[in-house]
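J.: So that you have it, the file is my_file28.cif, and it contains mmCIF, N, CA and C atoms:
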data_entry
#
loop_
_atom_site.label_atom_id
_atom_site.label_comp_id
_atom_site.auth_asym_id
_atom_site.auth_seq_id
_atom_site.Cartn_x
_atom_site.Cartn_y
_atom_site.Cartn_z
N MET A 27 -37.86 63.77 -60.21
CA MET A 27 -38.49 64.97 -59.68
C MET A 27 -38.79 64.75 -58.20
N ALA A 28 -38.36 65.65 -57.40
CA ALA A 28 -38.56 65.54 -55.95
C ALA A 28 -39.95 66.07 -55.57
N TYR A 29 -40.50 65.45 -54.56
CA TYR A 29 -41.78 65.92 -54.03
C TYR A 29 -41.56 67.14 -53.15
N PRO A 30 -42.50 68.07 -53.13
CA PRO A 30 -42.34 69.22 -52.22
C PRO A 30 -42.47 68.75 -50.78
N PRO A 31 -41.82 69.44 -49.86
CA PRO A 31 -41.93 69.03 -48.45
C PRO A 31 -43.37 69.20 -47.95
N ARG A 32 -43.75 68.33 -47.03
CA ARG A 32 -45.10 68.44 -46.50
C ARG A 32 -45.20 69.67 -45.60
N ARG A 33 -46.38 70.22 -45.56
CA ARG A 33 -46.62 71.40 -44.73
C ARG A 33 -46.62 70.99 -43.26
N GLN A 34 -45.86 71.69 -42.45
CA GLN A 34 -45.85 71.41 -41.02
C GLN A 34 -46.67 72.47 -40.30
N LEU A 35 -47.45 72.01 -39.35
CA LEU A 35 -48.31 72.90 -38.59
C LEU A 35 -47.63 73.30 -37.30
N ARG A 36 -47.90 74.50 -36.86
CA ARG A 36 -47.36 74.96 -35.57
C ARG A 36 -48.36 74.62 -34.47
N PRO A 37 -47.85 74.24 -33.29
CA PRO A 37 -48.77 73.93 -32.18
C PRO A 37 -49.60 75.16 -31.81
N LEU A 38 -50.84 74.92 -31.43
CA LEU A 38 -51.70 76.00 -30.97
C LEU A 38 -51.16 76.52 -29.64
N PRO A 39 -51.22 77.83 -29.42
CA PRO A 39 -50.68 78.41 -28.18
C PRO A 39 -51.26 77.79 -26.90
N GLU A 40 -52.52 77.41 -26.92
CA GLU A 40 -53.14 76.86 -25.71
C GLU A 40 -52.57 75.50 -25.31
N PHE A 41 -51.91 74.79 -26.26
CA PHE A 41 -51.35 73.48 -25.96
C PHE A 41 -49.83 73.46 -25.94
N THR A 42 -49.18 74.51 -26.42
CA THR A 42 -47.73 74.55 -26.48
C THR A 42 -47.13 74.43 -25.09
N GLY A 43 -46.24 73.47 -24.94
CA GLY A 43 -45.53 73.29 -23.67
C GLY A 43 -46.34 72.68 -22.55
N THR A 44 -47.54 72.18 -22.82
CA THR A 44 -48.35 71.60 -21.75
C THR A 44 -48.15 70.10 -21.60
N ALA A 45 -47.45 69.47 -22.55
CA ALA A 45 -47.20 68.02 -22.45
C ALA A 45 -46.13 67.79 -21.41
N ARG A 46 -46.32 66.75 -20.62
CA ARG A 46 -45.32 66.37 -19.63
C ARG A 46 -44.87 64.95 -19.95
N ASN A 47 -43.61 64.72 -19.87
CA ASN A 47 -43.06 63.41 -20.20
C ASN A 47 -43.63 62.31 -19.32
N GLY A 48 -44.37 61.40 -19.94
CA GLY A 48 -44.90 60.25 -19.22
C GLY A 48 -46.14 60.50 -18.41
N ASN A 49 -46.52 61.74 -18.21
CA ASN A 49 -47.69 62.06 -17.41
C ASN A 49 -48.67 62.87 -18.24
N PRO A 50 -49.96 62.55 -18.16
CA PRO A 50 -50.92 63.35 -18.91
C PRO A 50 -51.01 64.76 -18.34
N ALA A 51 -51.41 65.69 -19.17
CA ALA A 51 -51.59 67.07 -18.72
C ALA A 51 -52.67 67.10 -17.64
N GLY A 52 -52.60 68.07 -16.77
CA GLY A 52 -53.53 68.12 -15.65
C GLY A 52 -54.85 68.79 -15.98
N GLY A 53 -55.89 68.37 -15.27
CA GLY A 53 -57.21 68.97 -15.24
C GLY A 53 -57.78 69.59 -16.48
N ASP A 54 -57.92 70.91 -16.44
CA ASP A 54 -58.61 71.66 -17.49
C ASP A 54 -57.91 71.52 -18.85
N VAL A 55 -56.59 71.52 -18.85
CA VAL A 55 -55.85 71.39 -20.11
C VAL A 55 -56.16 70.05 -20.76
N GLN A 56 -56.18 69.00 -19.97
CA GLN A 56 -56.45 67.67 -20.51
C GLN A 56 -57.87 67.57 -21.07
N VAL A 57 -58.83 68.16 -20.41
CA VAL A 57 -60.22 68.15 -20.88
C VAL A 57 -60.32 68.89 -22.22
N ARG A 58 -59.69 70.07 -22.31
CA ARG A 58 -59.71 70.83 -23.56
C ARG A 58 -58.97 70.10 -24.67
N LEU A 59 -57.85 69.47 -24.33
CA LEU A 59 -57.08 68.72 -25.30
C LEU A 59 -57.89 67.57 -25.88
N GLU A 60 -58.54 66.80 -25.01
CA GLU A 60 -59.32 65.65 -25.47
C GLU A 60 -60.49 66.09 -26.34
N ALA A 61 -61.16 67.17 -25.96
CA ALA A 61 -62.27 67.68 -26.76
C ALA A 61 -61.76 68.14 -28.13
N PHE A 62 -60.62 68.80 -28.14
CA PHE A 62 -60.03 69.28 -29.40
C PHE A 62 -59.68 68.10 -30.31
N VAL A 63 -59.04 67.08 -29.75
CA VAL A 63 -58.62 65.92 -30.55
C VAL A 63 -59.83 65.23 -31.17
N VAL A 64 -60.85 64.96 -30.37
CA VAL A 64 -62.05 64.27 -30.88
C VAL A 64 -62.74 65.12 -31.94
N GLU A 65 -62.90 66.41 -31.68
CA GLU A 65 -63.58 67.31 -32.62
C GLU A 65 -62.82 67.39 -33.96
N GLN A 66 -61.52 67.57 -33.89
CA GLN A 66 -60.72 67.71 -35.11
C GLN A 66 -60.67 66.41 -35.91
N TYR A 67 -60.60 65.28 -35.23
CA TYR A 67 -60.57 63.99 -35.94
C TYR A 67 -61.90 63.75 -36.65
N ARG A 68 -62.99 64.04 -35.97
CA ARG A 68 -64.31 63.86 -36.59
C ARG A 68 -64.51 64.84 -37.75
N ALA A 69 -63.81 65.98 -37.73
CA ALA A 69 -63.90 66.95 -38.82
C ALA A 69 -63.05 66.54 -40.01
N GLY A 70 -62.21 65.51 -39.84
CA GLY A 70 -61.44 65.00 -40.96
C GLY A 70 -59.94 65.21 -40.91
N ARG A 71 -59.43 65.85 -39.87
CA ARG A 71 -57.97 66.02 -39.77
C ARG A 71 -57.30 64.68 -39.52
N SER A 72 -56.05 64.58 -39.97
CA SER A 72 -55.29 63.35 -39.76
C SER A 72 -54.70 63.33 -38.35
N LEU A 73 -54.28 62.13 -37.93
CA LEU A 73 -53.63 62.00 -36.62
C LEU A 73 -52.38 62.88 -36.57
N ARG A 74 -51.61 62.90 -37.65
CA ARG A 74 -50.38 63.69 -37.69
C ARG A 74 -50.69 65.17 -37.54
N GLU A 75 -51.68 65.66 -38.24
CA GLU A 75 -52.04 67.08 -38.15
C GLU A 75 -52.48 67.44 -36.74
N ILE A 76 -53.32 66.60 -36.15
CA ILE A 76 -53.80 66.87 -34.80
C ILE A 76 -52.64 66.85 -33.81
N ALA A 77 -51.75 65.89 -33.97
CA ALA A 77 -50.59 65.79 -33.07
C ALA A 77 -49.74 67.06 -33.15
N GLU A 78 -49.52 67.57 -34.35
CA GLU A 78 -48.73 68.79 -34.50
C GLU A 78 -49.43 69.98 -33.88
N LEU A 79 -50.73 70.10 -34.09
CA LEU A 79 -51.48 71.23 -33.53
C LEU A 79 -51.57 71.17 -32.00
N ALA A 80 -51.66 69.97 -31.46
CA ALA A 80 -51.82 69.80 -30.01
C ALA A 80 -50.48 69.67 -29.29
N ASP A 81 -49.37 69.70 -30.03
CA ASP A 81 -48.03 69.56 -29.44
C ASP A 81 -47.90 68.22 -28.69
N ARG A 82 -48.44 67.18 -29.32
CA ARG A 82 -48.39 65.83 -28.76
C ARG A 82 -47.90 64.86 -29.82
N SER A 83 -47.65 63.63 -29.43
CA SER A 83 -47.24 62.60 -30.38
C SER A 83 -48.48 61.99 -31.02
N PRO A 84 -48.33 61.37 -32.19
CA PRO A 84 -49.47 60.67 -32.78
C PRO A 84 -50.01 59.57 -31.87
N THR A 85 -49.13 58.95 -31.09
CA THR A 85 -49.57 57.92 -30.15
C THR A 85 -50.49 58.52 -29.08
N ALA A 86 -50.16 59.69 -28.58
CA ALA A 86 -51.00 60.35 -27.58
C ALA A 86 -52.38 60.66 -28.16
N VAL A 87 -52.40 61.07 -29.42
CA VAL A 87 -53.67 61.36 -30.08
C VAL A 87 -54.49 60.08 -30.23
N ARG A 88 -53.85 58.99 -30.63
CA ARG A 88 -54.56 57.70 -30.76
C ARG A 88 -55.14 57.26 -29.41
N ARG A 89 -54.39 57.47 -28.35
CA ARG A 89 -54.88 57.07 -27.01
C ARG A 89 -56.12 57.86 -26.62
N VAL A 90 -56.15 59.15 -26.95
CA VAL A 90 -57.34 59.97 -26.66
C VAL A 90 -58.53 59.44 -27.45
N LEU A 91 -58.32 59.14 -28.72
CA LEU A 91 -59.42 58.62 -29.54
C LEU A 91 -59.91 57.28 -29.00
N ASP A 92 -59.00 56.42 -28.58
CA ASP A 92 -59.39 55.13 -28.00
C ASP A 92 -60.16 55.33 -26.70
N LYS A 93 -59.70 56.26 -25.88
CA LYS A 93 -60.37 56.54 -24.60
C LYS A 93 -61.82 56.96 -24.81
N HIS A 94 -62.07 57.69 -25.89
CA HIS A 94 -63.42 58.18 -26.17
C HIS A 94 -64.17 57.31 -27.18
N SER A 95 -63.63 56.13 -27.44
CA SER A 95 -64.25 55.14 -28.35
C SER A 95 -64.60 55.72 -29.71
N VAL A 96 -63.70 56.54 -30.23
CA VAL A 96 -63.90 57.11 -31.56
C VAL A 96 -63.35 56.12 -32.58
N PRO A 97 -64.18 55.63 -33.49
CA PRO A 97 -63.68 54.70 -34.50
C PRO A 97 -62.72 55.41 -35.44
N ARG A 98 -61.58 54.76 -35.68
CA ARG A 98 -60.57 55.37 -36.54
C ARG A 98 -60.80 55.00 -37.99
N ARG A 99 -60.45 55.93 -38.87
CA ARG A 99 -60.54 55.69 -40.30
C ARG A 99 -59.40 54.78 -40.72
N ALA A 100 -59.58 54.12 -41.85
CA ALA A 100 -58.52 53.27 -42.39
C ALA A 100 -57.35 54.13 -42.82
N ARG A 101 -56.19 53.54 -42.82
CA ARG A 101 -54.99 54.25 -43.23
C ARG A 101 -55.15 54.69 -44.68
N GLY A 102 -54.83 55.94 -44.95
CA GLY A 102 -54.92 56.47 -46.30
C GLY A 102 -56.34 56.79 -46.73
N ALA A 103 -57.27 56.76 -45.81
CA ALA A 103 -58.66 57.06 -46.14
C ALA A 103 -58.82 58.51 -46.56
N THR A 104 -59.80 58.78 -47.36
CA THR A 104 -60.07 60.16 -47.75
C THR A 104 -60.64 60.92 -46.57
N ARG A 105 -60.46 62.22 -46.59
CA ARG A 105 -60.96 63.04 -45.50
C ARG A 105 -62.47 63.06 -45.50
N LEU A 106 -63.06 63.19 -44.31
CA LEU A 106 -64.51 63.22 -44.18
C LEU A 106 -65.06 64.59 -44.57
N ALA A 107 -64.30 65.66 -44.28
CA ALA A 107 -64.75 67.03 -44.59
C ALA A 107 -63.52 67.90 -44.72
N ASP A 108 -63.63 69.00 -45.45
CA ASP A 108 -62.51 69.94 -45.52
C ASP A 108 -62.36 70.61 -44.19
N ALA A 109 -61.12 70.65 -43.71
CA ALA A 109 -60.87 71.27 -42.41
C ALA A 109 -60.14 72.57 -42.55
#
As structure tokens - that is how I would like this structure written.
T.:
Amino acid sequence: MAYPPRRQLRPLPEFTGTARNGNPAGGDVQVRLEAFVVEQYRAGRSLREIAELADRSPTAVRRVLDKHSVPRRARGATRLADA
């Protein structure tokens, strides 16, 4: 029996197309992006979900969390809250 495909999220309009190869987004967009990533992670979203919503890679999301000293959950950990 095959597993159903995982649900894919569409990037939020405010972040779509704002990523630049190798360079962080500028000014206001970067501030909003970082606040969104930290808020969503603390609410229980996974790195993958946040990356899809923010139109970024999971690595970019991890870097934001590290920059803001947000402790990461263990791999496969249960969600902290329903999002």
J.: Just the number, please: distance in Å from atom N of A:Gln66 to atom CA of A:Pro30, one decimal.
T.: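 For atom N of A:Gln66 relative to atom CA of A:Pro30, the distance reads 26.6 Å.
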J.: Taking the file as I've supplied it (selection: the PyMOL selection byres (((chain A and resi 96 and name CA) around 12) and name CA)), which residues are included? Please answer as a list of chain:residue names.
T.: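 With the PyMOL selection byres (((chain A and resi 96 and name CA) around 12) and name CA) on this model, the match is A:Glu60, A:Ala61, A:Val63, A:Val64, A:Glu65, A:Gln66, A:Tyr67, A:Arg68, A:Val87, A:Arg88, A:Arg89, A:Val90, A:Leu91, A:Asp92, A:Lys93, A:His94, A:Ser95, A:Pro97, A:Arg98, A:Arg99.
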J.: Just to confirm, what's the straight-line distance from atom CA of A:Ile76 to atom CA of A:Met27 in Å (one decimal)?
T.: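 Atom CA of A:Ile76 sits 29.3 Å away from atom CA of A:Met27.
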J.: Could you tell me which residues the PyMOL selection byres ((chain A and resi 39-42) around 8) returns for this structure, as number ranges by chain?
T.: A: 36-38, 43-45, 55, 59, 79-82
J.: Next, the residues of the selection above should be written as a short mmCIF file (atom, residue, chain, number, x, y, z; two decimals), keeping the file's coordinate frame with N, CA and C atoms.
T.:
data_model
loop_
_atom_site.label_atom_id
_atom_site.label_comp_id
_atom_site.auth_asym_id
_atom_site.auth_seq_id
_atom_site.Cartn_x
_atom_site.Cartn_y
_atom_site.Cartn_z
N ARG A 36 -47.90 74.50 -36.86
CA ARG A 36 -47.36 74.96 -35.57
C ARG A 36 -48.36 74.62 -34.47
N PRO A 37 -47.85 74.24 -33.29
CA PRO A 37 -48.77 73.93 -32.18
C PRO A 37 -49.60 75.16 -31.81
N LEU A 38 -50.84 74.92 -31.43
CA LEU A 38 -51.70 76.00 -30.97
C LEU A 38 -51.16 76.52 -29.64
N GLY A 43 -46.24 73.47 -24.94
CA GLY A 43 -45.53 73.29 -23.67
C GLY A 43 -46.34 72.68 -22.55
N THR A 44 -47.54 72.18 -22.82
CA THR A 44 -48.35 71.60 -21.75
C THR A 44 -48.15 70.10 -21.60
N ALA A 45 -47.45 69.47 -22.55
CA ALA A 45 -47.20 68.02 -22.45
C ALA A 45 -46.13 67.79 -21.41
N VAL A 55 -56.59 71.52 -18.85
CA VAL A 55 -55.85 71.39 -20.11
C VAL A 55 -56.16 70.05 -20.76
N LEU A 59 -57.85 69.47 -24.33
CA LEU A 59 -57.08 68.72 -25.30
C LEU A 59 -57.89 67.57 -25.88
N LEU A 79 -50.73 70.10 -34.09
CA LEU A 79 -51.48 71.23 -33.53
C LEU A 79 -51.57 71.17 -32.00
N ALA A 80 -51.66 69.97 -31.46
CA ALA A 80 -51.82 69.80 -30.01
C ALA A 80 -50.48 69.67 -29.29
N ASP A 81 -49.37 69.70 -30.03
CA ASP A 81 -48.03 69.56 -29.44
C ASP A 81 -47.90 68.22 -28.69
N ARG A 82 -48.44 67.18 -29.32
CA ARG A 82 -48.39 65.83 -28.76
C ARG A 82 -47.90 64.86 -29.82
#
J.: Please measure the separation of atom CA of A:Glu78 and atom CA of A:Gln34, giving the value in Å to one decimal.
T.: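 Spanning atom CA of A:Glu78 to atom CA of A:Gln34 is a straight-line distance of 7.6 Å.
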J.: Using DSSP on the backbone coordinates, identify all residues within chain A classified as alpha helix (DSSP H); present the result as a PDB file with N, CA and C atoms, keeping the file's coordinate frame.
T.:
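Below you can see part12.pdb, which holds the result:
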ATOM      1  N   GLY A  53     -55.890  68.370 -15.270  1.00  0.00           N
ATOM      2  CA  GLY A  53     -57.210  68.970 -15.240  1.00  0.00           C
ATOM      3  C   GLY A  53     -57.780  69.590 -16.480  1.00  0.00           C
ATOM      4  N   ASP A  54     -57.920  70.910 -16.440  1.00  0.00           N
ATOM      5  CA  ASP A  54     -58.610  71.660 -17.490  1.00  0.00           C
ATOM      6  C   ASP A  54     -57.910  71.520 -18.850  1.00  0.00           C
ATOM      7  N   VAL A  55     -56.590  71.520 -18.850  1.00  0.00           N
ATOM      8  CA  VAL A  55     -55.850  71.390 -20.110  1.00  0.00           C
ATOM      9  C   VAL A  55     -56.160  70.050 -20.760  1.00  0.00           C
ATOM     10  N   GLN A  56     -56.180  69.000 -19.970  1.00  0.00           N
ATOM     11  CA  GLN A  56     -56.450  67.670 -20.510  1.00  0.00           C
ATOM     12  C   GLN A  56     -57.870  67.570 -21.070  1.00  0.00           C
ATOM     13  N   VAL A  57     -58.830  68.160 -20.410  1.00  0.00           N
ATOM     14  CA  VAL A  57     -60.220  68.150 -20.880  1.00  0.00           C
ATOM     15  C   VAL A  57     -60.320  68.890 -22.220  1.00  0.00           C
ATOM     16  N   ARG A  58     -59.690  70.070 -22.310  1.00  0.00           N
ATOM     17  CA  ARG A  58     -59.710  70.830 -23.560  1.00  0.00           C
ATOM     18  C   ARG A  58     -58.970  70.100 -24.670  1.00  0.00           C
ATOM     19  N   LEU A  59     -57.850  69.470 -24.330  1.00  0.00           N
ATOM     20  CA  LEU A  59     -57.080  68.720 -25.300  1.00  0.00           C
ATOM     21  C   LEU A  59     -57.890  67.570 -25.880  1.00  0.00           C
ATOM     22  N   GLU A  60     -58.540  66.800 -25.010  1.00  0.00           N
ATOM     23  CA  GLU A  60     -59.320  65.650 -25.470  1.00  0.00           C
ATOM     24  C   GLU A  60     -60.490  66.090 -26.340  1.00  0.00           C
ATOM     25  N   ALA A  61     -61.160  67.170 -25.960  1.00  0.00           N
ATOM     26  CA  ALA A  61     -62.270  67.680 -26.760  1.00  0.00           C
ATOM     27  C   ALA A  61     -61.760  68.140 -28.130  1.00  0.00           C
ATOM     28  N   PHE A  62     -60.620  68.800 -28.140  1.00  0.00           N
ATOM     29  CA  PHE A  62     -60.030  69.280 -29.400  1.00  0.00           C
ATOM     30  C   PHE A  62     -59.680  68.100 -30.310  1.00  0.00           C
ATOM     31  N   VAL A  63     -59.040  67.080 -29.750  1.00  0.00           N
ATOM     32  CA  VAL A  63     -58.620  65.920 -30.550  1.00  0.00           C
ATOM     33  C   VAL A  63     -59.830  65.230 -31.170  1.00  0.00           C
ATOM     34  N   VAL A  64     -60.850  64.960 -30.370  1.00  0.00           N
ATOM     35  CA  VAL A  64     -62.050  64.270 -30.880  1.00  0.00           C
ATOM     36  C   VAL A  64     -62.740  65.120 -31.940  1.00  0.00           C
ATOM     37  N   GLU A  65     -62.900  66.410 -31.680  1.00  0.00           N
ATOM     38  CA  GLU A  65     -63.580  67.310 -32.620  1.00  0.00           C
ATOM     39  C   GLU A  65     -62.820  67.390 -33.960  1.00  0.00           C
ATOM     40  N   GLN A  66     -61.520  67.570 -33.890  1.00  0.00           N
ATOM     41  CA  GLN A  66     -60.720  67.710 -35.110  1.00  0.00           C
ATOM     42  C   GLN A  66     -60.670  66.410 -35.910  1.00  0.00           C
ATOM     43  N   TYR A  67     -60.600  65.280 -35.230  1.00  0.00           N
ATOM     44  CA  TYR A  67     -60.570  63.990 -35.940  1.00  0.00           C
ATOM     45  C   TYR A  67     -61.900  63.750 -36.650  1.00  0.00           C
ATOM     46  N   ARG A  68     -62.990  64.040 -35.970  1.00  0.00           N
ATOM     47  CA  ARG A  68     -64.310  63.860 -36.590  1.00  0.00           C
ATOM     48  C   ARG A  68     -64.510  64.840 -37.750  1.00  0.00           C
ATOM     49  N   LEU A  73     -54.280  62.130 -37.930  1.00  0.00           N
ATOM     50  CA  LEU A  73     -53.630  62.000 -36.620  1.00  0.00           C
ATOM     51  C   LEU A  73     -52.380  62.880 -36.570  1.00  0.00           C
ATOM     52  N   ARG A  74     -51.610  62.900 -37.650  1.00  0.00           N
ATOM     53  CA  ARG A  74     -50.380  63.690 -37.690  1.00  0.00           C
ATOM     54  C   ARG A  74     -50.690  65.170 -37.540  1.00  0.00           C
ATOM     55  N   GLU A  75     -51.680  65.660 -38.240  1.00  0.00           N
ATOM     56  CA  GLU A  75     -52.040  67.080 -38.150  1.00  0.00           C
ATOM     57  C   GLU A  75     -52.480  67.440 -36.740  1.00  0.00           C
ATOM     58  N   ILE A  76     -53.320  66.600 -36.150  1.00  0.00           N
ATOM     59  CA  ILE A  76     -53.800  66.870 -34.800  1.00  0.00           C
ATOM     60  C   ILE A  76     -52.640  66.850 -33.810  1.00  0.00           C
ATOM     61  N   ALA A  77     -51.750  65.890 -33.970  1.00  0.00           N
ATOM     62  CA  ALA A  77     -50.590  65.790 -33.070  1.00  0.00           C
ATOM     63  C   ALA A  77     -49.740  67.060 -33.150  1.00  0.00           C
ATOM     64  N   GLU A  78     -49.520  67.570 -34.350  1.00  0.00           N
ATOM     65  CA  GLU A  78     -48.730  68.790 -34.500  1.00  0.00           C
ATOM     66  C   GLU A  78     -49.430  69.980 -33.880  1.00  0.00           C
ATOM     67  N   LEU A  79     -50.730  70.100 -34.090  1.00  0.00           N
ATOM     68  CA  LEU A  79     -51.480  71.230 -33.530  1.00  0.00           C
ATOM     69  C   LEU A  79     -51.570  71.170 -32.000  1.00  0.00           C
ATOM     70  N   ALA A  80     -51.660  69.970 -31.460  1.00  0.00           N
ATOM     71  CA  ALA A  80     -51.820  69.800 -30.010  1.00  0.00           C
ATOM     72  C   ALA A  80     -50.480  69.670 -29.290  1.00  0.00           C
ATOM     73  N   PRO A  84     -48.330  61.370 -32.190  1.00  0.00           N
ATOM     74  CA  PRO A  84     -49.470  60.670 -32.780  1.00  0.00           C
ATOM     75  C   PRO A  84     -50.010  59.570 -31.870  1.00  0.00           C
ATOM     76  N   THR A  85     -49.130  58.950 -31.090  1.00  0.00           N
ATOM     77  CA  THR A  85     -49.570  57.920 -30.150  1.00  0.00           C
ATOM     78  C   THR A  85     -50.490  58.520 -29.080  1.00  0.00           C
ATOM     79  N   ALA A  86     -50.160  59.690 -28.580  1.00  0.00           N
ATOM     80  CA  ALA A  86     -51.000  60.350 -27.580  1.00  0.00           C
ATOM     81  C   ALA A  86     -52.380  60.660 -28.160  1.00  0.00           C
ATOM     82  N   VAL A  87     -52.400  61.070 -29.420  1.00  0.00           N
ATOM     83  CA  VAL A  87     -53.670  61.360 -30.080  1.00  0.00           C
ATOM     84  C   VAL A  87     -54.490  60.080 -30.230  1.00  0.00           C
ATOM     85  N   ARG A  88     -53.850  58.990 -30.630  1.00  0.00           N
ATOM     86  CA  ARG A  88     -54.560  57.700 -30.760  1.00  0.00           C
ATOM     87  C   ARG A  88     -55.140  57.260 -29.410  1.00  0.00           C
ATOM     88  N   ARG A  89     -54.390  57.470 -28.350  1.00  0.00           N
ATOM     89  CA  ARG A  89     -54.880  57.070 -27.010  1.00  0.00           C
ATOM     90  C   ARG A  89     -56.120  57.860 -26.620  1.00  0.00           C
ATOM     91  N   VAL A  90     -56.150  59.150 -26.950  1.00  0.00           N
ATOM     92  CA  VAL A  90     -57.340  59.970 -26.660  1.00  0.00           C
ATOM     93  C   VAL A  90     -58.530  59.440 -27.450  1.00  0.00           C
ATOM     94  N   LEU A  91     -58.320  59.140 -28.720  1.00  0.00           N
ATOM     95  CA  LEU A  91     -59.420  58.620 -29.540  1.00  0.00           C
ATOM     96  C   LEU A  91     -59.910  57.280 -29.000  1.00  0.00           C
ATOM     97  N   ASP A  92     -59.000  56.420 -28.580  1.00  0.00           N
ATOM     98  CA  ASP A  92     -59.390  55.130 -28.000  1.00  0.00           C
ATOM     99  C   ASP A  92     -60.160  55.330 -26.700  1.00  0.00           C
ATOM    100  N   LYS A  93     -59.700  56.260 -25.880  1.00  0.00           N
ATOM    101  CA  LYS A  93     -60.370  56.540 -24.600  1.00  0.00           C
ATOM    102  C   LYS A  93     -61.820  56.960 -24.810  1.00  0.00           C
TER     103      LYS A  93
END
